[in-house]
>>> print(open('entry.tsv').read())   # TSV, C-alpha atoms
chain	number	residue	atom	x	y	z
A	80	MET	CA	79.96	-37.12	-11.11
A	81	ARG	CA	79.46	-39.04	-7.91
A	82	SER	CA	76.84	-41.15	-9.57
A	83	PHE	CA	79.29	-41.99	-12.34
A	84	PHE	CA	81.76	-43.39	-9.78
A	85	PHE	CA	79.01	-45.43	-8.24
A	86	ILE	CA	78.15	-46.85	-11.62
A	87	VAL	CA	81.75	-47.73	-12.36
A	88	ALA	CA	82.14	-49.30	-8.91
A	89	PHE	CA	79.12	-51.48	-9.38
A	90	THR	CA	80.25	-52.39	-12.85
A	91	LEU	CA	83.66	-53.51	-11.62
A	92	TYR	CA	82.18	-55.37	-8.70
A	93	PRO	CA	81.97	-58.63	-10.62
A	94	LEU	CA	85.76	-58.56	-10.85
A	95	SER	CA	85.91	-59.74	-7.31
A	96	SER	CA	83.98	-62.86	-8.21
A	97	TYR	CA	86.69	-63.74	-10.70
A	98	ALA	CA	89.54	-63.25	-8.38
A	99	ALA	CA	89.58	-67.00	-7.82
A	100	GLY	CA	91.11	-67.64	-11.24
A	101	ASP	CA	88.41	-67.18	-13.88
A	102	VAL	CA	89.23	-64.81	-16.74
A	103	PHE	CA	86.99	-61.79	-16.56
A	104	PHE	CA	88.44	-59.68	-19.40
A	105	SER	CA	87.47	-62.04	-22.17
A	106	LEU	CA	85.02	-61.57	-25.02
A	107	LYS	CA	83.56	-64.94	-24.10
A	108	ASN	CA	82.58	-63.60	-20.73
A	109	THR	CA	79.07	-62.27	-20.96
A	110	ASN	CA	79.38	-60.24	-17.80
A	111	PHE	CA	82.37	-58.44	-19.21
A	112	ILE	CA	80.53	-57.62	-22.45
A	113	VAL	CA	77.46	-56.34	-20.59
A	114	SER	CA	79.65	-54.29	-18.27
A	115	LEU	CA	81.60	-52.87	-21.17
A	116	SER	CA	78.44	-52.02	-23.09
A	117	PHE	CA	77.01	-50.34	-20.07
A	118	ILE	CA	80.14	-48.27	-19.52
A	119	LEU	CA	80.12	-47.31	-23.18
A	120	PHE	CA	76.45	-46.34	-22.98
A	121	ILE	CA	77.10	-44.19	-19.91
A	122	GLY	CA	80.11	-42.65	-21.61
A	123	ILE	CA	78.05	-41.79	-24.70
A	124	LEU	CA	75.41	-40.27	-22.51
A	125	LEU	CA	78.04	-38.15	-20.74
A	126	TYR	CA	79.68	-37.22	-24.03
A	127	LEU	CA	76.41	-36.06	-25.52
A	128	LYS	CA	75.72	-34.10	-22.29
A	129	VAL	CA	72.42	-35.85	-21.85
A	130	PRO	CA	72.34	-35.20	-18.07
A	131	ASN	CA	72.82	-31.46	-18.69
A	132	LEU	CA	70.12	-31.56	-21.30
A	133	LEU	CA	67.80	-33.40	-18.93
A	134	ALA	CA	68.68	-30.95	-16.16
A	135	GLY	CA	68.00	-28.04	-18.52
A	136	LEU	CA	64.69	-29.52	-19.54
A	137	LEU	CA	63.76	-30.11	-15.90
A	138	ASP	CA	64.84	-26.59	-14.99
A	139	LYS	CA	62.81	-25.27	-17.87
A	140	ARG	CA	59.88	-27.34	-16.78
A	141	ALA	CA	60.31	-26.13	-13.18
A	142	GLU	CA	60.51	-22.55	-14.42
A	143	GLY	CA	57.30	-23.05	-16.38
A	144	ILE	CA	55.57	-24.53	-13.37
A	145	ARG	CA	56.86	-21.66	-11.22
A	146	THR	CA	55.54	-19.14	-13.75
A	147	GLU	CA	52.21	-20.90	-13.85
A	148	LEU	CA	52.11	-20.91	-10.06
A	149	ASP	CA	52.88	-17.19	-9.99
A	150	GLU	CA	50.19	-16.54	-12.58
A	151	ALA	CA	47.77	-18.65	-10.60
A	152	LYS	CA	48.73	-16.72	-7.46
A	153	ASN	CA	48.22	-13.42	-9.25
A	154	LEU	CA	44.91	-14.62	-10.63
A	155	ARG	CA	43.89	-15.74	-7.16
A	156	GLU	CA	44.80	-12.33	-5.72
A	157	GLU	CA	42.88	-10.60	-8.50
A	158	ALA	CA	39.92	-12.86	-7.91
A	159	GLN	CA	40.08	-12.13	-4.19
A	160	THR	CA	40.26	-8.40	-4.91
A	161	LEU	CA	37.29	-8.68	-7.28
A	162	LEU	CA	35.40	-10.75	-4.74
A	163	ALA	CA	36.09	-8.17	-2.05
A	164	THR	CA	34.99	-5.40	-4.42
A	165	TYR	CA	31.79	-7.18	-5.31
A	166	GLU	CA	31.09	-8.02	-1.68
A	167	ARG	CA	31.57	-4.36	-0.79
A	168	LYS	CA	29.31	-3.31	-3.66
A	169	GLN	CA	26.72	-5.87	-2.66
A	170	LYS	CA	26.82	-4.56	0.90
A	171	GLU	CA	26.44	-0.99	-0.33
A	172	ILE	CA	23.55	-1.97	-2.60
A	173	SER	CA	21.88	-3.86	0.24
A	174	GLU	CA	22.23	-0.84	2.51
A	175	GLN	CA	20.91	1.41	-0.24
A	176	ALA	CA	17.95	-0.91	-0.82
A	177	GLU	CA	17.22	-0.94	2.90
A	178	ARG	CA	17.39	2.86	2.96
A	179	ILE	CA	15.06	3.07	-0.04
A	180	ILE	CA	12.59	0.66	1.56
A	181	LYS	CA	12.75	2.55	4.84
A	182	ASN	CA	12.17	5.89	3.08
A	183	ALA	CA	9.33	4.43	1.03
A	184	LYS	CA	7.69	3.08	4.19
A	185	GLU	CA	8.04	6.43	5.94
A	186	GLU	CA	6.66	8.26	2.91
A	187	ALA	CA	3.75	5.83	2.63
A	188	LYS	CA	3.03	6.31	6.32
A	189	ALA	CA	3.15	10.09	5.96
A	190	VAL	CA	0.90	9.95	2.89
A	191	ALA	CA	-1.57	7.74	4.75
A	192	VAL	CA	-1.61	10.10	7.72
A	193	GLN	CA	-2.09	13.08	5.40
A	194	ALA	CA	-4.86	11.29	3.52
A	195	GLN	CA	-6.56	10.48	6.82
A	196	LYS	CA	-6.33	14.13	7.86
A	197	ASP	CA	-7.64	15.32	4.49
A	198	LEU	CA	-10.49	12.84	4.70
A	199	GLU	CA	-11.38	13.98	8.22
A	200	ILE	CA	-11.29	17.63	7.10
A	201	SER	CA	-13.46	16.83	4.07
A	202	ILE	CA	-15.96	14.93	6.19
A	203	GLU	CA	-15.98	17.71	8.74
A	204	ARG	CA	-16.74	20.24	5.99
A	205	ARG	CA	-19.48	18.06	4.56
A	206	MET	CA	-20.97	17.56	8.00
A	207	GLN	CA	-20.90	21.33	8.55
A	208	ALA	CA	-22.52	21.92	5.15
A	209	ALA	CA	-25.14	19.28	5.91
A	210	VAL	CA	-25.89	20.86	9.30
A	211	GLU	CA	-26.24	24.29	7.67
A	212	GLN	CA	-28.44	22.81	4.96
A	213	LEU	CA	-30.57	21.13	7.61
A	214	GLU	CA	-30.91	24.37	9.56
A	215	SER	CA	-31.89	26.22	6.39
A	216	ALA	CA	-34.34	23.50	5.44
A	217	GLU	CA	-35.77	23.54	8.96
A	218	THR	CA	-36.35	27.29	8.81
A	219	ALA	CA	-37.92	27.01	5.34
A	220	ALA	CA	-40.10	24.11	6.51
A	221	ILE	CA	-41.29	26.02	9.57
A	222	LEU	CA	-42.16	29.01	7.41
A	223	GLU	CA	-43.91	26.81	4.89
A	224	ILE	CA	-45.85	25.01	7.63
A	225	ARG	CA	-46.90	28.34	9.10
A	226	ASP	CA	-47.92	29.73	5.71
A	227	THR	CA	-49.80	26.58	4.81
A	228	ALA	CA	-51.54	26.46	8.18
A	229	ILE	CA	-52.53	30.10	7.92
A	230	SER	CA	-53.82	29.81	4.38
A	231	VAL	CA	-55.75	26.64	5.20
A	232	ALA	CA	-57.18	28.22	8.33
A	233	ILE	CA	-58.22	31.38	6.50
A	234	GLY	CA	-59.77	29.35	3.69
A	235	VAL	CA	-61.71	27.11	6.06
A	236	ALA	CA	-62.77	30.02	8.24
A	237	ALA	CA	-63.97	31.92	5.20
A	238	GLU	CA	-65.92	28.94	3.95
A	239	VAL	CA	-67.48	28.29	7.34
A	240	ILE	CA	-68.40	31.93	7.84
A	241	GLN	CA	-69.70	32.18	4.30
A	242	ASN	CA	-71.89	29.15	4.71
A	243	HIS	CA	-73.29	30.11	8.14
A	244	SER	CA	-73.82	33.87	7.94
A	245	LYS	CA	-75.89	36.42	6.10
A	246	GLU	CA	-74.65	37.80	2.83
A	247	ALA	CA	-74.47	41.37	4.13
A	248	ASP	CA	-72.13	40.49	6.94
A	249	GLN	CA	-69.78	38.36	4.87
A	250	GLU	CA	-67.44	41.11	3.79
A	251	THR	CA	-67.22	42.48	7.29
A	252	PHE	CA	-66.51	39.02	8.67
A	253	LEU	CA	-63.77	38.43	6.14
A	254	GLU	CA	-62.13	41.76	6.89
A	255	ASN	CA	-62.30	40.98	10.59
A	256	SER	CA	-60.78	37.58	9.92
A	257	ILE	CA	-57.90	39.03	7.93
A	258	THR	CA	-57.24	41.59	10.64
A	259	GLU	CA	-57.27	38.87	13.26
A	260	VAL	CA	-54.85	36.74	11.30
A	261	SER	CA	-52.55	39.70	10.83
A	262	LYS	CA	-52.58	40.30	14.58
A	263	LYS	CA	-51.74	36.65	15.21
A	264	LEU	CA	-48.87	36.77	12.81
A	265	HIS	CA	-47.35	39.86	14.33
B	124	MET	CA	-14.41	4.85	10.20
B	125	GLN	CA	-15.57	8.41	9.52
B	126	ILE	CA	-17.24	7.35	6.27
B	127	TYR	CA	-19.04	4.55	8.10
B	128	LYS	CA	-20.35	7.04	10.66
B	129	LEU	CA	-21.44	9.38	7.87
B	130	GLN	CA	-23.31	6.55	6.15
B	131	ILE	CA	-25.11	5.73	9.40
B	132	VAL	CA	-26.08	9.41	9.82
B	133	LEU	CA	-27.39	9.55	6.24
B	134	LYS	CA	-29.45	6.40	6.79
B	135	LYS	CA	-30.92	7.90	9.95
B	136	VAL	CA	-31.72	11.14	8.08
B	137	ASN	CA	-33.47	9.22	5.31
B	138	ARG	CA	-35.40	7.17	7.83
B	139	SER	CA	-36.50	10.19	9.85
B	140	SER	CA	-37.57	12.24	6.80
B	141	THR	CA	-40.85	10.29	6.66
B	142	ASN	CA	-41.54	10.98	10.33
B	143	ILE	CA	-40.74	14.66	9.80
B	144	LYS	CA	-43.27	14.84	6.96
B	145	ALA	CA	-45.95	13.27	9.15
B	146	LYS	CA	-45.10	15.58	12.03
B	147	ALA	CA	-45.25	18.59	9.70
B	148	THR	CA	-48.69	17.58	8.45
B	149	SER	CA	-49.84	17.09	12.02
B	150	SER	CA	-48.49	20.51	13.01
B	151	ILE	CA	-50.21	22.14	10.04
B	152	LEU	CA	-53.47	20.50	11.07
B	153	ASP	CA	-53.13	21.55	14.70
B	154	VAL	CA	-52.20	25.15	13.93
B	155	ALA	CA	-54.76	25.52	11.13
B	156	ASN	CA	-57.51	24.10	13.34
B	157	GLU	CA	-56.60	26.43	16.17
B	158	ILE	CA	-56.44	29.50	13.94
B	159	ALA	CA	-59.64	28.67	12.04
B	160	ILE	CA	-61.59	28.03	15.24
B	161	ASP	CA	-60.19	31.21	16.74
B	162	ILE	CA	-61.11	33.28	13.67
B	163	VAL	CA	-64.60	31.84	13.40
B	164	ALA	CA	-65.19	32.29	17.10
B	165	LYS	CA	-64.16	35.92	16.97
B	166	VAL	CA	-66.00	36.96	13.82
B	167	SER	CA	-69.06	34.74	13.96
B	168	PRO	CA	-71.83	35.86	16.32
B	169	GLY	CA	-73.45	32.44	16.80
B	170	PRO	CA	-72.15	29.17	18.22
B	171	ILE	CA	-69.38	27.49	16.26
B	172	ASP	CA	-69.23	23.95	14.98
B	173	GLU	CA	-65.69	22.86	15.79
B	174	LYS	CA	-66.16	19.44	14.24
B	175	LEU	CA	-67.10	20.99	10.93
B	176	ILE	CA	-64.09	23.30	11.03
B	177	ILE	CA	-61.72	20.42	11.85
B	178	LYS	CA	-63.24	18.31	9.09
B	179	SER	CA	-62.84	21.15	6.58
B	180	VAL	CA	-59.25	21.75	7.65
B	181	ASN	CA	-58.43	18.05	7.30
B	182	GLN	CA	-60.03	18.03	3.87
B	183	LYS	CA	-58.04	21.08	2.76
B	184	VAL	CA	-54.75	19.75	4.07
B	185	THR	CA	-55.17	16.34	2.47
B	186	GLU	CA	-56.06	17.85	-0.91
>>> encode(input="entry.tsv", output="structure tokens")
Amino acid sequence: MRSFFFIVAFTLYPLSSYAAGDVFFSLKNTNFIVSLSFILFIGILLYLKVPNLLAGLLDKRAEGIRTELDEAKNLREEAQTLLATYERKQKEISEQAERIIKNAKEEAKAVAVQAQKDLEISIERRMQAAVEQLESAETAAILEIRDTAISVAIGVAAEVIQNHSKEADQETFLENSITEVSKKLH
Amino acid sequence: MQIYKLQIVLKKVNRSSTNIKAKATSSILDVANEIAIDIVAKVSPGPIDEKLIIKSVNQKVTE
């Protein structure tokens, strides 16, 4: 309403310029016609409630913008909540992965230690078996050496005696030899 | 480490088996010579030919 008074005041301002004697309210006066047209235009606008319509449209527009802002705010809050959720999940998964890696390392270490122990035990057993086998082989070899030596010695002695003695004494010599060998063995 | 030690021991065993065989042959010769000479000396009335006995023993062992 205030703006309307301002408009009217500015429209009637030219009247002052005609106070000196010129006729303002005349159809030949262009300023008067323009002023009148303008007042009529404003009046039509007011009659058709154009300002109210414009205000309604602006209010509607403002309401829409406010709604969009609220939606955007809600979306932002939801996004922040989701982000926080995913960050928490990521942290949990990272911790879980670290735990899994740590457990796997510990298990691998334990398995390696166990394998080392098993290997040492296996080697120890094999060494023991080898030592026993060697002892057994040594005993068998000593016996074999002794038997071979005795048989060779008896054979050679028999040959030598047979070649260098009379036929009658040969049997006696051989018996004596066998007795002697038996004594040596026992 | 243990396996490496075991491999070294096995190599040594393989290497020394040849020496053991030679030592065994030498022992057989020594003992057989001693026994044969002893037997012949005890049962034979005459003098003994040790060289012949040792030669025969060597021959028998190498057969």
>>> closest_atom_pairs(input="entry.tsv", of="chain B", to="chain A", cutoff="6 Å", atoms="all atoms listed in the file", output="tab-separated table")
residue	atom	partner	partner_atom	distance
B:Ile151	CA	A:Ala228	CA	4.9
B:Val154	CA	A:Ala228	CA	5.9
B:Ala155	CA	A:Ala228	CA	4.5
B:Ile158	CA	A:Ala232	CA	5.8
B:Ala159	CA	A:Ala232	CA	4.5
B:Ile162	CA	A:Ser256	CA	5.7
B:Val163	CA	A:Ala236	CA	5.8
B:Val166	CA	A:Phe252	CA	5.6
>>> write_last_selection(input="entry.tsv", atoms="C-alpha atoms", output="PDB file, keeping the file's coordinate frame")
ATOM      1  CA  ILE B 151     -50.210  22.140  10.040  1.00  0.00           C
ATOM      2  CA  VAL B 154     -52.200  25.150  13.930  1.00  0.00           C
ATOM      3  CA  ALA B 155     -54.760  25.520  11.130  1.00  0.00           C
ATOM      4  CA  ILE B 158     -56.440  29.500  13.940  1.00  0.00           C
ATOM      5  CA  ALA B 159     -59.640  28.670  12.040  1.00  0.00           C
ATOM      6  CA  ILE B 162     -61.110  33.280  13.670  1.00  0.00           C
ATOM      7  CA  VAL B 163     -64.600  31.840  13.400  1.00  0.00           C
ATOM      8  CA  VAL B 166     -66.000  36.960  13.820  1.00  0.00           C
TER       9      VAL B 166
END
>>> atom_distance(input="entry.tsv", atom1="CA of Leu213 in chain A", atom2="CA of Val132 in chain B")
12.7 Å
>>> atom_distance(input="entry.tsv", atom1="CA of Glu211 in chain A", atom2="CA of Ile131 in chain B")
18.7 Å
>>> atom_distance(input="entry.tsv", atom1="CA of Asp153 in chain B", atom2="CA of Val184 in chain B")
10.9 Å
>>> axis_aligned_box(input="entry.tsv", around="range 136-144 of chain A", padding_each_side="4 Å", output="JSON")
{"center_x": 60.2, "center_y": -26.3, "center_z": -16.4, "size_x": 17.3, "size_y": 15.6, "size_z": 14.4}
>>> build_atoms(input="entry.tsv", residues="range 164-178 of chain B", atoms="N, CA and C atoms", output="CSV table (one decimal), keeping the file's coordinate frame")
chain,number,residue,atom,x,y,z
B,164,ALA,N,-64.6,31.9,15.8
B,164,ALA,CA,-65.2,32.3,17.1
B,164,ALA,C,-65.2,33.8,17.3
B,165,LYS,N,-64.2,34.5,16.8
B,165,LYS,CA,-64.2,35.9,17.0
B,165,LYS,C,-65.1,36.7,16.0
B,166,VAL,N,-65.2,36.2,14.8
B,166,VAL,CA,-66.0,37.0,13.8
B,166,VAL,C,-67.4,36.5,13.7
B,167,SER,N,-67.7,35.2,14.1
B,167,SER,CA,-69.1,34.7,14.0
B,167,SER,C,-69.8,35.0,15.2
B,168,PRO,N,-71.1,35.5,15.1
B,168,PRO,CA,-71.8,35.9,16.3
B,168,PRO,C,-72.4,34.6,17.0
B,169,GLY,N,-72.8,33.6,16.2
B,169,GLY,CA,-73.4,32.4,16.8
B,169,GLY,C,-72.5,31.4,17.3
B,170,PRO,N,-73.0,30.3,17.8
B,170,PRO,CA,-72.2,29.2,18.2
B,170,PRO,C,-71.4,28.5,17.0
B,171,ILE,N,-70.2,28.0,17.4
B,171,ILE,CA,-69.4,27.5,16.3
B,171,ILE,C,-69.4,26.0,16.3
B,172,ASP,N,-69.3,25.4,15.1
B,172,ASP,CA,-69.2,24.0,15.0
B,172,ASP,C,-67.8,23.5,14.8
B,173,GLU,N,-67.1,23.2,15.9
B,173,GLU,CA,-65.7,22.9,15.8
B,173,GLU,C,-65.4,21.6,14.9
B,174,LYS,N,-66.3,20.7,15.0
B,174,LYS,CA,-66.2,19.4,14.2
B,174,LYS,C,-66.1,19.7,12.7
B,175,LEU,N,-67.0,20.6,12.3
B,175,LEU,CA,-67.1,21.0,10.9
B,175,LEU,C,-65.8,21.7,10.5
B,176,ILE,N,-65.3,22.6,11.4
B,176,ILE,CA,-64.1,23.3,11.0
B,176,ILE,C,-62.9,22.3,10.9
B,177,ILE,N,-62.8,21.4,11.9
B,177,ILE,CA,-61.7,20.4,11.8
B,177,ILE,C,-61.8,19.5,10.6
B,178,LYS,N,-63.0,19.1,10.3
B,178,LYS,CA,-63.2,18.3,9.1
B,178,LYS,C,-62.8,19.1,7.8
